[in-house]
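Asks: What follows is the file final_5.cif, containing mmCIF, C-alpha atoms and all ligand atoms:
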```cif
data_structure
loop_
_atom_site.label_atom_id
_atom_site.label_comp_id
_atom_site.auth_asym_id
_atom_site.auth_seq_id
_atom_site.Cartn_x
_atom_site.Cartn_y
_atom_site.Cartn_z
CA MET A 1 -15.13 9.54 62.02
CA THR A 2 -18.53 10.00 63.65
CA ASP A 3 -19.52 7.88 66.58
CA THR A 4 -23.24 7.89 66.04
CA ALA A 5 -25.13 9.42 63.26
CA GLU A 6 -26.93 12.70 63.79
CA SER A 7 -25.71 13.93 60.43
CA ARG A 8 -25.95 10.72 58.49
CA PRO A 9 -28.03 10.88 55.33
CA GLU A 10 -30.63 8.21 54.62
CA ALA A 11 -29.00 5.03 53.40
CA ALA A 12 -30.30 5.37 49.87
CA GLU A 13 -32.49 7.95 48.20
CA THR A 14 -33.73 5.47 45.65
CA VAL A 15 -32.93 1.85 45.12
CA GLU A 16 -32.81 -0.07 41.90
CA MET A 17 -34.94 -3.09 42.45
CA PRO A 18 -35.70 -5.71 39.85
CA SER A 19 -39.43 -6.25 39.63
CA ALA A 20 -40.97 -9.39 40.96
CA SER A 21 -43.76 -9.88 38.45
CA ARG A 22 -43.71 -12.57 35.83
CA ARG A 23 -44.41 -9.93 33.18
CA THR A 24 -41.21 -8.09 34.05
CA PHE A 25 -39.44 -11.39 34.27
CA LEU A 26 -40.50 -12.11 30.71
CA LYS A 27 -39.63 -8.56 29.68
CA GLY A 28 -36.18 -9.17 31.12
CA LEU A 29 -35.93 -12.23 28.95
CA ALA A 30 -36.95 -10.16 25.96
CA GLY A 31 -34.17 -7.69 26.55
CA ALA A 32 -35.73 -4.89 28.58
CA GLY A 33 -33.42 -5.58 31.53
CA ALA A 34 -34.55 -6.42 35.02
CA ALA A 35 -33.90 -3.23 36.95
CA ILE A 36 -36.57 -0.66 37.73
CA SER A 37 -36.58 2.21 40.19
CA LEU A 38 -38.41 1.95 43.48
CA PRO A 39 -38.38 4.68 46.13
CA ALA A 40 -36.50 3.62 49.24
CA THR A 41 -39.50 4.80 51.24
CA ALA A 42 -41.45 1.85 49.86
CA ALA A 43 -39.48 -0.17 52.38
CA ARG A 44 -41.47 1.62 55.03
CA ALA A 45 -44.66 0.58 53.30
CA ASN A 46 -46.95 0.75 56.31
CA GLY A 47 -45.16 3.69 57.88
CA GLU A 48 -44.15 1.77 60.95
CA ILE A 49 -40.45 1.09 60.44
CA GLY A 50 -38.05 3.13 62.54
CA PHE A 51 -34.79 4.39 61.06
CA TRP A 52 -32.80 2.61 63.74
CA ALA A 53 -29.65 2.20 61.66
CA LYS A 54 -28.81 5.87 62.13
CA ASP A 55 -28.18 5.19 65.81
CA LEU A 56 -25.80 2.27 65.35
CA THR A 57 -22.28 2.83 66.61
CA ASP A 58 -19.44 2.87 64.11
CA ASP A 59 -18.13 -0.37 65.59
CA LYS A 60 -21.42 -2.12 65.04
CA LEU A 61 -21.63 -0.84 61.45
CA VAL A 62 -18.12 -2.09 60.75
CA GLU A 63 -18.99 -5.44 62.30
CA MET A 64 -22.03 -5.71 60.01
CA PHE A 65 -19.92 -4.92 56.94
CA THR A 66 -17.31 -7.43 58.07
CA THR A 67 -19.95 -10.13 58.50
CA ILE A 68 -21.31 -9.49 55.01
CA LEU A 69 -17.78 -9.97 53.68
CA ARG A 70 -17.30 -13.09 55.78
CA ILE A 71 -20.36 -14.68 54.18
CA ARG A 72 -19.37 -13.54 50.69
CA TRP A 73 -15.86 -14.99 50.95
CA HIS A 74 -17.07 -18.16 52.62
CA GLU A 75 -19.36 -18.77 49.66
CA ARG A 76 -16.80 -17.84 47.02
CA THR A 77 -14.09 -19.94 48.63
CA MET A 78 -16.37 -22.95 48.94
CA ALA A 79 -17.60 -22.61 45.34
CA ASP A 80 -14.01 -22.45 44.12
CA LYS A 81 -13.11 -25.53 46.14
CA MET A 82 -16.01 -27.45 44.64
CA LEU A 83 -14.88 -26.41 41.16
CA THR A 84 -11.16 -27.01 41.50
CA ASP A 85 -10.37 -29.49 44.27
CA PRO A 86 -11.44 -33.07 43.52
CA SER A 87 -10.67 -34.13 47.09
CA TYR A 88 -13.08 -31.56 48.53
CA ARG A 89 -16.19 -33.25 49.94
CA GLY A 90 -18.40 -30.28 50.79
CA TYR A 91 -21.41 -28.96 48.90
CA ASN A 92 -23.70 -26.00 49.40
CA HIS A 93 -26.79 -24.11 48.38
CA PHE A 94 -24.88 -20.84 48.00
CA TYR A 95 -26.13 -17.68 49.67
CA ALA A 96 -23.94 -15.14 47.82
CA GLY A 97 -26.08 -12.16 46.78
CA GLN A 98 -28.38 -12.45 49.81
CA GLU A 99 -25.83 -11.53 52.53
CA ALA A 100 -27.50 -8.27 53.56
CA VAL A 101 -30.67 -10.12 54.55
CA ALA A 102 -28.99 -12.46 57.04
CA VAL A 103 -26.74 -9.73 58.44
CA GLY A 104 -29.49 -7.09 58.66
CA VAL A 105 -31.76 -9.50 60.55
CA CYS A 106 -29.20 -11.11 62.86
CA SER A 107 -27.70 -7.72 63.78
CA ALA A 108 -31.04 -6.90 65.38
CA LEU A 109 -31.00 -10.11 67.47
CA ARG A 110 -29.40 -11.31 70.71
CA ASN A 111 -26.82 -13.85 69.58
CA SER A 112 -25.39 -15.39 72.74
CA GLY A 113 -26.49 -17.10 75.94
CA GLY A 114 -27.73 -20.43 74.60
CA VAL A 115 -31.28 -21.53 73.88
CA MET A 116 -32.68 -20.00 77.07
CA GLU A 117 -31.26 -16.51 76.43
CA ALA A 118 -30.40 -15.95 72.79
CA ASP A 119 -32.93 -15.09 70.13
CA LEU A 120 -33.51 -18.19 68.03
CA VAL A 121 -33.03 -18.56 64.28
CA TYR A 122 -34.54 -21.37 62.25
CA SER A 123 -32.82 -21.62 58.89
CA THR A 124 -33.34 -23.31 55.54
CA HIS A 125 -31.62 -25.55 53.00
CA ARG A 126 -29.54 -22.40 52.18
CA PRO A 127 -28.12 -21.86 55.66
CA THR A 128 -24.45 -20.86 55.60
CA GLY A 129 -25.16 -17.11 55.44
CA HIS A 130 -27.67 -17.27 58.30
CA ALA A 131 -25.22 -19.32 60.37
CA ILE A 132 -22.32 -16.90 59.87
CA ALA A 133 -24.55 -13.89 60.59
CA LYS A 134 -25.72 -15.54 63.83
CA GLY A 135 -22.08 -15.96 64.85
CA ILE A 136 -21.23 -19.57 64.12
CA ASP A 137 -17.60 -20.75 64.37
CA MET A 138 -16.53 -20.75 60.73
CA LYS A 139 -13.80 -23.34 61.23
CA LYS A 140 -16.19 -25.83 62.79
CA MET A 141 -18.82 -25.13 60.13
CA ALA A 142 -16.25 -25.67 57.36
CA ALA A 143 -15.31 -28.99 59.00
CA GLU A 144 -18.97 -29.99 59.32
CA ASN A 145 -19.64 -29.20 55.69
CA GLU A 146 -16.84 -31.56 54.76
CA PHE A 147 -18.11 -34.40 56.98
CA ARG A 148 -15.25 -34.05 59.48
CA ALA A 149 -15.55 -35.56 62.96
CA THR A 150 -14.61 -32.28 64.67
CA GLY A 151 -17.28 -30.38 62.75
CA LEU A 152 -20.08 -28.58 64.52
CA ASN A 153 -22.32 -31.62 64.47
CA GLY A 154 -19.75 -34.39 64.34
CA GLY A 155 -19.71 -34.41 60.54
CA TYR A 156 -23.09 -36.16 60.26
CA GLY A 157 -25.21 -33.15 59.43
CA ALA A 158 -23.26 -31.19 56.83
CA GLU A 159 -24.68 -28.14 55.12
CA MET A 160 -28.41 -28.77 55.37
CA HIS A 161 -28.29 -29.78 59.04
CA ILE A 162 -25.78 -27.46 60.67
CA ALA A 163 -26.84 -26.19 64.09
CA ASP A 164 -25.32 -24.45 67.10
CA LYS A 165 -27.65 -24.01 70.04
CA SER A 166 -25.10 -21.96 71.99
CA ILE A 167 -25.74 -18.99 69.70
CA GLY A 168 -29.42 -19.73 69.11
CA PHE A 169 -28.86 -21.11 65.64
CA MET A 170 -31.43 -23.87 65.84
CA GLY A 171 -30.56 -25.46 62.57
CA ALA A 172 -30.71 -25.60 58.86
CA ASP A 173 -33.55 -27.64 57.43
CA GLY A 174 -33.48 -29.63 54.20
CA MET A 175 -37.28 -29.81 54.11
CA ILE A 176 -39.23 -26.96 52.59
CA GLY A 177 -42.16 -26.26 54.88
CA PRO A 178 -41.92 -27.56 58.43
CA GLY A 179 -39.39 -24.96 59.67
CA PRO A 180 -41.90 -22.19 60.46
CA VAL A 181 -44.17 -24.57 62.34
CA ILE A 182 -41.29 -25.74 64.54
CA ALA A 183 -40.24 -22.11 64.98
CA THR A 184 -43.70 -21.01 66.11
CA GLY A 185 -43.66 -23.93 68.56
CA SER A 186 -40.45 -22.49 69.98
CA ALA A 187 -42.03 -19.05 70.16
CA PHE A 188 -44.94 -20.57 72.10
CA ALA A 189 -42.50 -22.21 74.54
CA ILE A 190 -40.69 -18.90 75.00
CA ARG A 191 -43.97 -17.18 75.81
CA ALA A 192 -44.91 -19.96 78.23
CA ARG A 193 -41.56 -19.53 80.03
CA GLY A 194 -42.06 -15.77 80.26
CA SER A 195 -38.81 -15.12 78.40
CA ASP A 196 -38.31 -12.05 76.20
CA GLN A 197 -36.55 -14.05 73.45
CA VAL A 198 -37.65 -13.71 69.86
CA VAL A 199 -37.79 -16.38 67.15
CA VAL A 200 -36.89 -15.73 63.53
CA ASN A 201 -37.75 -18.14 60.77
CA PHE A 202 -36.02 -17.68 57.42
CA GLY A 203 -37.85 -19.05 54.41
CA GLY A 204 -37.70 -18.63 50.64
CA ASP A 205 -40.40 -17.52 48.23
CA GLY A 206 -40.97 -21.25 47.69
CA THR A 207 -42.44 -21.52 51.18
CA TYR A 208 -45.42 -19.29 50.37
CA ALA A 209 -47.30 -22.16 48.74
CA THR A 210 -46.83 -24.52 51.68
CA PRO A 211 -49.51 -24.95 54.36
CA HIS A 212 -46.81 -24.40 57.00
CA PHE A 213 -46.33 -20.75 55.95
CA HIS A 214 -50.02 -19.99 56.57
CA SER A 215 -50.29 -22.11 59.67
CA ALA A 216 -47.28 -20.37 61.24
CA LEU A 217 -48.60 -16.88 60.49
CA ASN A 218 -52.13 -17.71 61.58
CA ASN A 219 -51.13 -19.35 64.87
CA SER A 220 -48.50 -16.76 65.74
CA ALA A 221 -51.01 -13.97 65.02
CA MET A 222 -53.80 -15.60 67.02
CA LEU A 223 -51.48 -16.21 69.99
CA LYS A 224 -49.43 -12.98 69.54
CA LEU A 225 -46.22 -14.98 69.57
CA PRO A 226 -42.72 -13.41 69.45
CA PHE A 227 -42.22 -14.65 65.91
CA ILE A 228 -40.75 -13.06 62.78
CA TYR A 229 -41.02 -14.66 59.36
CA VAL A 230 -38.23 -13.39 57.12
CA LEU A 231 -39.15 -14.41 53.61
CA GLU A 232 -36.18 -14.11 51.26
CA ASN A 233 -37.72 -13.58 47.87
CA ASN A 234 -34.88 -14.39 45.48
CA LEU A 235 -37.44 -14.76 42.66
CA TYR A 236 -36.97 -18.49 42.14
CA HIS A 237 -37.73 -21.64 44.02
CA GLN A 238 -35.24 -24.05 42.59
CA TYR A 239 -35.72 -23.28 38.89
CA ALA A 240 -39.26 -21.85 38.83
CA HIS A 241 -40.18 -18.16 39.13
CA TYR A 242 -42.30 -17.50 42.21
CA SER A 243 -45.13 -16.11 40.11
CA TYR A 244 -45.94 -19.72 39.27
CA SER A 245 -46.95 -20.43 42.84
CA CYS A 246 -47.95 -17.06 44.32
CA PRO A 247 -50.69 -14.76 42.96
CA MET A 248 -49.18 -11.60 44.51
CA LYS A 249 -46.23 -9.48 43.49
CA ASP A 250 -45.41 -8.78 47.13
CA ILE A 251 -45.65 -11.91 49.24
CA ALA A 252 -45.71 -9.61 52.28
CA ASP A 253 -49.34 -8.84 51.31
CA ALA A 254 -50.19 -12.24 52.79
CA ALA A 255 -49.76 -10.64 56.22
CA GLN A 256 -53.01 -8.72 55.74
CA THR A 257 -54.95 -11.98 55.95
CA TYR A 258 -53.56 -12.54 59.43
CA ARG A 259 -53.85 -8.87 60.50
CA ILE A 260 -50.13 -8.54 61.22
CA PRO A 261 -47.55 -6.12 59.77
CA GLY A 262 -46.23 -7.17 56.37
CA VAL A 263 -43.16 -5.28 55.22
CA VAL A 264 -41.26 -5.23 51.94
CA VAL A 265 -37.58 -4.34 52.11
CA ASP A 266 -34.73 -4.05 49.67
CA GLY A 267 -32.78 -7.15 50.65
CA GLN A 268 -29.60 -5.79 49.06
CA ASP A 269 -29.39 -2.93 51.56
CA VAL A 270 -28.35 -4.18 54.99
CA LEU A 271 -29.58 -1.05 56.73
CA GLN A 272 -33.08 -1.29 55.28
CA VAL A 273 -33.21 -4.90 56.39
CA TYR A 274 -31.88 -3.98 59.83
CA ASN A 275 -34.48 -1.24 60.26
CA ALA A 276 -37.33 -3.60 59.47
CA ALA A 277 -35.90 -6.40 61.62
CA LYS A 278 -35.30 -4.13 64.60
CA THR A 279 -38.86 -2.82 64.41
CA ALA A 280 -40.20 -6.38 64.26
CA VAL A 281 -37.96 -7.48 67.16
CA GLU A 282 -39.13 -4.58 69.36
CA ARG A 283 -42.73 -5.47 68.57
CA ALA A 284 -42.20 -9.15 69.32
CA ARG A 285 -40.33 -8.49 72.60
CA ALA A 286 -43.09 -6.15 73.71
CA GLY A 287 -45.61 -8.97 73.34
CA GLU A 288 -47.32 -7.38 70.34
CA GLY A 289 -46.99 -10.40 68.09
CA PRO A 290 -45.47 -11.46 64.78
CA THR A 291 -44.28 -9.66 61.64
CA LEU A 292 -43.77 -10.88 58.10
CA ILE A 293 -40.76 -9.29 56.38
CA GLU A 294 -40.28 -9.90 52.66
CA ALA A 295 -36.74 -9.11 51.52
CA LYS A 296 -36.39 -8.75 47.75
CA THR A 297 -33.07 -10.33 46.89
CA TYR A 298 -31.27 -12.65 44.50
CA ARG A 299 -28.87 -15.58 44.55
CA TYR A 300 -25.79 -15.21 42.39
CA TYR A 301 -25.08 -18.92 42.07
CA ASN A 302 -27.33 -21.66 40.85
CA HIS A 303 -29.94 -23.32 43.01
CA TRP A 304 -27.45 -25.90 44.23
CA GLY A 305 -23.66 -26.22 43.94
CA ALA A 306 -21.63 -24.32 41.41
CA PRO A 307 -22.74 -25.29 37.88
CA GLY A 308 -22.26 -22.36 35.53
CA ALA A 309 -19.62 -20.80 37.81
CA LYS A 310 -15.93 -20.35 37.02
CA PRO A 311 -13.12 -20.52 39.59
CA GLY A 312 -12.18 -17.09 40.85
CA GLU A 313 -15.31 -15.45 39.46
CA LEU A 314 -18.42 -14.46 41.35
CA GLY A 315 -21.75 -15.89 40.21
CA ALA A 316 -23.04 -18.54 37.85
CA PHE A 317 -24.25 -17.92 34.36
CA GLY A 318 -25.54 -19.70 31.32
CA TYR A 319 -26.93 -23.14 30.85
CA ASP A 320 -27.47 -25.26 33.93
CA PRO A 321 -27.07 -28.95 33.17
CA LEU A 322 -29.02 -29.87 36.29
CA ALA A 323 -32.12 -28.02 35.15
CA ILE A 324 -34.36 -28.76 32.18
CA SER A 325 -33.18 -25.55 30.58
CA SER A 326 -31.41 -22.36 31.59
CA PHE A 327 -33.87 -20.96 34.08
CA ARG A 328 -32.89 -17.32 34.22
CA PRO A 329 -31.41 -14.84 31.78
CA GLU A 330 -27.79 -13.85 32.29
CA ARG A 331 -28.71 -10.17 32.07
CA GLU A 332 -31.05 -10.60 35.03
CA VAL A 333 -28.18 -12.04 37.10
CA ARG A 334 -25.94 -9.15 36.04
CA ALA A 335 -28.62 -6.54 36.81
CA TRP A 336 -28.86 -7.85 40.37
CA MET A 337 -25.09 -8.10 40.71
CA ALA A 338 -24.95 -4.39 39.85
CA ARG A 339 -26.77 -3.81 43.15
CA ASP A 340 -24.43 -5.87 45.23
CA PRO A 341 -24.96 -5.97 49.01
CA VAL A 342 -21.20 -5.74 49.65
CA ASP A 343 -20.84 -2.63 47.46
CA ILE A 344 -23.96 -1.00 48.90
CA ALA A 345 -22.81 -1.52 52.51
CA ARG A 346 -19.29 -0.33 51.69
CA SER A 347 -20.46 2.83 49.95
CA ILE A 348 -22.94 3.75 52.70
CA LEU A 349 -20.24 3.42 55.37
CA ILE A 350 -17.77 5.44 53.34
CA ARG A 351 -20.44 8.10 52.72
CA TRP A 352 -21.17 8.21 56.45
CA GLY A 353 -17.46 8.63 57.26
CA VAL A 354 -17.36 5.34 59.17
CA LEU A 355 -14.78 3.79 56.82
CA ASP A 356 -12.49 4.91 54.07
CA GLN A 357 -11.61 2.82 51.03
CA ALA A 358 -8.23 1.74 52.43
CA ARG A 359 -9.74 0.46 55.68
CA ALA A 360 -12.55 -1.30 53.78
CA ASP A 361 -9.95 -3.03 51.60
CA GLN A 362 -7.96 -4.05 54.68
CA ILE A 363 -11.06 -5.53 56.31
CA GLU A 364 -11.80 -7.50 53.16
CA SER A 365 -8.25 -8.80 52.98
CA ASP A 366 -8.34 -9.86 56.66
CA VAL A 367 -11.66 -11.64 56.09
CA ARG A 368 -10.23 -13.53 53.13
CA ASP A 369 -7.34 -14.73 55.31
CA GLU A 370 -9.76 -15.77 58.05
CA VAL A 371 -11.87 -17.78 55.60
CA THR A 372 -8.82 -19.42 54.00
CA GLU A 373 -7.61 -20.42 57.45
CA ALA A 374 -11.01 -21.92 58.34
CA PHE A 375 -11.05 -24.12 55.23
CA ALA A 376 -7.40 -25.13 55.74
CA TRP A 377 -8.11 -26.12 59.36
CA ALA A 378 -11.17 -28.11 58.28
CA ALA A 379 -9.21 -30.00 55.62
CA GLU A 380 -6.85 -31.37 58.27
CA GLN A 381 -9.57 -32.72 60.52
CA PRO A 382 -10.39 -36.44 60.72
CA LEU A 383 -13.38 -37.68 58.76
CA CYS A 384 -16.38 -38.98 60.67
CA ASN A 385 -16.83 -42.75 60.93
CA PRO A 386 -19.59 -44.14 58.76
CA GLU A 387 -20.07 -46.85 61.46
CA ASP A 388 -21.06 -44.14 63.93
CA GLY A 389 -23.86 -42.89 61.69
CA LEU A 390 -26.55 -44.43 63.86
CA LYS A 391 -25.37 -42.67 67.01
CA HIS A 392 -27.64 -40.00 68.46
CA VAL A 393 -30.81 -41.45 66.95
CA PHE A 394 -33.79 -41.95 69.23
CA ALA A 395 -33.66 -45.74 69.55
CA GLU A 396 -30.82 -48.21 69.82
CA GLY A 397 -31.03 -51.93 69.18
CA THR A 398 -32.73 -53.98 66.54
CA VAL A 399 -36.10 -53.39 65.00
CA LEU A 400 -37.56 -56.37 63.16
CA PRO A 401 -39.12 -55.55 59.81
CA ARG A 402 -42.86 -56.25 59.82
CA GLN A 403 -45.92 -55.37 57.85
CA PHE A 404 -49.00 -53.71 59.26
CA GLY A 405 -52.48 -55.20 58.87
C1 LIG A 501 -40.75 -30.92 51.28
C2 LIG A 501 -39.73 -30.63 50.22
N1 LIG A 501 -40.10 -30.67 48.92
C3 LIG A 501 -39.20 -30.43 47.93
C4 LIG A 501 -37.91 -30.14 48.25
C5 LIG A 501 -36.87 -29.86 47.15
N2 LIG A 501 -36.49 -28.43 47.18
C6 LIG A 501 -35.29 -28.06 47.68
S1 LIG A 501 -35.10 -26.39 47.61
C7 LIG A 501 -36.60 -26.19 46.88
C8 LIG A 501 -37.11 -24.82 46.50
C9 LIG A 501 -36.91 -23.82 47.57
O1 LIG A 501 -37.23 -22.55 47.10
P1 LIG A 501 -37.20 -21.30 48.02
O2 LIG A 501 -37.90 -21.60 49.30
O3 LIG A 501 -37.72 -20.16 47.24
O4 LIG A 501 -35.68 -21.10 48.38
P2 LIG A 501 -34.44 -20.82 47.41
O5 LIG A 501 -33.87 -22.17 47.06
O6 LIG A 501 -34.91 -20.05 46.23
O7 LIG A 501 -33.50 -20.04 48.23
C10 LIG A 501 -37.24 -27.41 46.71
C11 LIG A 501 -38.59 -27.56 46.11
C12 LIG A 501 -37.54 -30.11 49.62
N3 LIG A 501 -36.30 -29.83 50.00
N4 LIG A 501 -38.48 -30.34 50.57
#
```
Could you quickly redo this structure as C-alpha cells?
Ligand SMILES: Cc1ncc(C[n+]2csc(CCOP(=O)(O)OP(=O)(O)O)c2C)c(N)n1
Replies:
Amino acid sequence: MTDTAESRPEAAETVEMPSASRRTFLKGLAGAGAAISLPATAARANGEIGFWAKDLTDDKLVEMFTTILRIRWHERTMADKMLTDPSYRGYNHFYAGQEAVAVGVCSALRNSGGVMEADLVYSTHRPTGHAIAKGIDMKKMAAENEFRATGLNGGYGAEMHIADKSIGFMGADGMIGPGPVIATGSAFAIRARGSDQVVVNFGGDGTYATPHFHSALNNSAMLKLPFIYVLENNLYHQYAHYSYSCPMKDIADAAQTYRIPGVVVDGQDVLQVYNAAKTAVERARAGEGPTLIEAKTYRYYNHWGAPGAKPGELGAFGYDPLAISSFRPEREVRAWMARDPVDIARSILIRWGVLDQARADQIESDVRDEVTEAFAWAAEQPLCNPEDGLKHVFAEGTVLPRQFG
C-alpha cells in the first residue's frame, strides 16, 4: 500500500460521458445510446485545476469511498423501505447516482466546528447525499426523515428541511431558487467577520433559469465572496430535459458572463470533482472570489420517491405514473449506470494499491450494517407531536384574520 501517491496514474485516461445536448438526448431515444467519449482533460477546461487528489492520504481516500457507499446504501435502503414497508413514513428525492459529487466537494471542505468555523453547505430538495457527505449523524437523519421526535430537527422538517449547524450543513431547501441567494448572504457575513470559511451552494440544472442563480453569481463576483456554486447537472429538472430551459450545453459557460472560473467536471468520478472543488476552495479562502462548478451526473431513481423501482434493485425504469409520460429512455439510465460512481471510485483505489477487492467488499458490508442499524434505531423512536407543530415559529399567540385595504 502506498501512503501518498507519487506513482499514482491519473484517475481516468478518458471518461464516458453522456452528452448534454437535446439532440443527443433525442438520438438516445432513437437508439444511438447516450454514451460518448470525452477526454478527462476536459475537466480541466480552463487549465486551472490542480491534481490535488494525488496527494490525498490512503486513509482519506478510503474515507471518501466509504462515504460514497454510505450514501448509496442509505438511498437503496430507504427506497426499499418505501416500496415494501407500509408502516414506513419517510420519503425522499433520491440521490443515488450522484454520490461522487457530494463526496468530492465535501471532502475538500472543513466539516466541523459549527457555523463560525466549518465551511457551510446549502443544499437542495435532494439533500440526503449532501448531508451524509458533510458528516451528518445518519441515525438522527433517518429518524428525522420518518418524522420522529428524536430526529435531527425534532421530526418537523423531514427530508426537505434537514439541517445540522454543528457540521455546517445549513439545510436542505424545498424551494428551487432562493438557496444561492441565502448562501451568498452567508458568504458576505463570513467576509465581514474576517473568517476564512467558504460557502458551497448545491443546485440542480433546474436552477439555471431562476433569477437567483444569476443574482448569486453576479453579487459574489462583484464582491469577491468565498462562494462556490456546485451545479449538479443530472440532465433533468423534474421531468424536463435541461435543454428546454438553458441555451448552452455546458451551464458552466454562464460563469463567463460574471468573469469567474466556470469548470465542467465528470460528476461520476469523485477525484475529478475533488480536484475542482479543492481548487475552488483554495481560491475562495485566498479572497479571490467565487467559482461555478458544473458536475455532469445522473439520478438513478425517479424525480421523487421510488416509482419504477423494484425492491432490492438499484434504479428506476419504465413508465412513471407521476409524470405525463415516461420522461427518459431506459437505455439512457443504463448507460449512466454503466459509469457508476461507486465502481469508478473502487477501481481507482484498487488500481492505486490503496484497497484490494476483499477490503472493498468488507467496507461495503460494514456500511450496509451501519445503514441498517440507523434505520432500525429510527424506527423505534417516538413520533413527533402534531400539537407541537407550531413550536419554533417566529410568533406565538393569536393573529386575527383581516383583510387589507
Ligand atoms: C419555487 C419552486 N418551484 C417549483 C418547485 C417544484 N420542483 C421541485 S424539484 C423541481 C426541479 C428541480 O430540478 P433540478 O434543480 O434540476 O434538480 P433535480 O431535481 O434534477 O435534482 C421543481 C420545479 C419548487 N420546489 N420550488
Asks: Find the spatial neighbours of A:Cys106, counting all atoms listed in the file, within a cut-off of 8 Å - ignore same-chain residues fewer than 4 positions away - and output them as a list in words.
Replies: Ala102, Arg110, Asn111, His130, Ala133 and Lys134 of chain A
Asks: Quick one: pull the distance between atom CA of A:Gly397 and atom CA of A:Tyr156, Å, one decimal.
Replies: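 Distance reported for this atom pair: 19.8 Å.
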Asks: Neighbours of A:Leu225 within 12 Å (only C-alpha atoms; same-chain residues fewer than 4 positions away dropped), as a PyMOL selection string?
Replies: chain A and resi 183-192+194-200+216-221+229+260+280-281+283-291
Asks: Which residue gives the smallest distance to A:Phe375 among A:Ala172, A:Ala277, A:Ala79, A:Ala100, with only C-alpha atoms counted?
Replies: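 Result for the nearest residue to A:Phe375: A:Ala79.
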Asks: For atom CA of A:Arg126 and atom CA of A:His214, quote the distance in Å rounded to one decimal.
Replies: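 One can read the atom CA of A:Arg126 to atom CA of A:His214 distance as 21.1 Å.
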Asks: For chain A against ligand LIG 501 (chain A), with a cut-off of 6 Å and counting all atoms listed in the file, what is the closest atom pair and its distance in Å to one decimal for every residue that makes the cut, ordered by chain and number, as a tab-separated table?
Replies:
```
residue	atom	partner	partner_atom	distance
A:Gly174	CA	A:LIG501	N3	5.1
A:Met175	CA	A:LIG501	N4	3.8
A:Ile176	CA	A:LIG501	N4	4.0
A:Gly203	CA	A:LIG501	O2	5.7
A:Gly204	CA	A:LIG501	O2	3.3
A:Asp205	CA	A:LIG501	O3	3.9
A:Gly206	CA	A:LIG501	O3	3.5
A:Thr207	CA	A:LIG501	O2	4.9
A:Asn234	CA	A:LIG501	O6	5.7
A:Tyr236	CA	A:LIG501	O6	4.8
A:His237	CA	A:LIG501	O1	3.3
A:Gln238	CA	A:LIG501	C8	4.4
A:His303	CA	A:LIG501	O5	5.8
```
Asks: Could all heavy atoms be built for stretch 242-246 of chain A and written out as an mmCIF file, keeping the file's coordinate frame?
Replies:
```cif
data_model
loop_
_atom_site.group_PDB
_atom_site.id
_atom_site.type_symbol
_atom_site.label_atom_id
_atom_site.label_comp_id
_atom_site.auth_asym_id
_atom_site.auth_seq_id
_atom_site.Cartn_x
_atom_site.Cartn_y
_atom_site.Cartn_z
ATOM 1 N N TYR A 242 -41.287 -17.381 41.145
ATOM 2 C CA TYR A 242 -42.300 -17.500 42.210
ATOM 3 C C TYR A 242 -43.698 -17.141 41.741
ATOM 4 O O TYR A 242 -44.690 -17.513 42.377
ATOM 5 C CB TYR A 242 -41.888 -16.687 43.441
ATOM 6 C CG TYR A 242 -42.144 -15.198 43.378
ATOM 7 C CD1 TYR A 242 -43.293 -14.649 43.940
ATOM 8 C CD2 TYR A 242 -41.238 -14.330 42.789
ATOM 9 C CE1 TYR A 242 -43.534 -13.285 43.909
ATOM 10 C CE2 TYR A 242 -41.465 -12.975 42.754
ATOM 11 C CZ TYR A 242 -42.613 -12.451 43.306
ATOM 12 O OH TYR A 242 -42.845 -11.097 43.275
ATOM 13 N N SER A 243 -43.796 -16.451 40.608
ATOM 14 C CA SER A 243 -45.130 -16.110 40.110
ATOM 15 C C SER A 243 -45.911 -17.346 39.673
ATOM 16 O O SER A 243 -47.106 -17.276 39.429
ATOM 17 C CB SER A 243 -45.018 -15.109 38.959
ATOM 18 O OG SER A 243 -44.150 -15.618 37.982
ATOM 19 N N TYR A 244 -45.235 -18.478 39.588
ATOM 20 C CA TYR A 244 -45.940 -19.720 39.270
ATOM 21 C C TYR A 244 -46.641 -20.320 40.484
ATOM 22 O O TYR A 244 -47.435 -21.237 40.346
ATOM 23 C CB TYR A 244 -44.972 -20.753 38.663
ATOM 24 C CG TYR A 244 -44.592 -20.418 37.241
ATOM 25 C CD1 TYR A 244 -43.435 -19.699 36.966
ATOM 26 C CD2 TYR A 244 -45.406 -20.782 36.165
ATOM 27 C CE1 TYR A 244 -43.089 -19.351 35.672
ATOM 28 C CE2 TYR A 244 -45.075 -20.440 34.863
ATOM 29 C CZ TYR A 244 -43.913 -19.722 34.632
ATOM 30 O OH TYR A 244 -43.591 -19.374 33.342
ATOM 31 N N SER A 245 -46.306 -19.833 41.668
ATOM 32 C CA SER A 245 -46.950 -20.430 42.840
ATOM 33 C C SER A 245 -47.537 -19.394 43.795
ATOM 34 O O SER A 245 -48.069 -19.751 44.838
ATOM 35 C CB SER A 245 -45.953 -21.312 43.614
ATOM 36 O OG SER A 245 -44.899 -20.515 44.118
ATOM 37 N N CYS A 246 -47.432 -18.104 43.433
ATOM 38 C CA CYS A 246 -47.950 -17.060 44.320
ATOM 39 C C CYS A 246 -48.691 -16.022 43.471
ATOM 40 O O CYS A 246 -48.124 -15.513 42.499
ATOM 41 C CB CYS A 246 -46.793 -16.402 45.078
ATOM 42 S SG CYS A 246 -47.313 -15.022 46.103
#
```
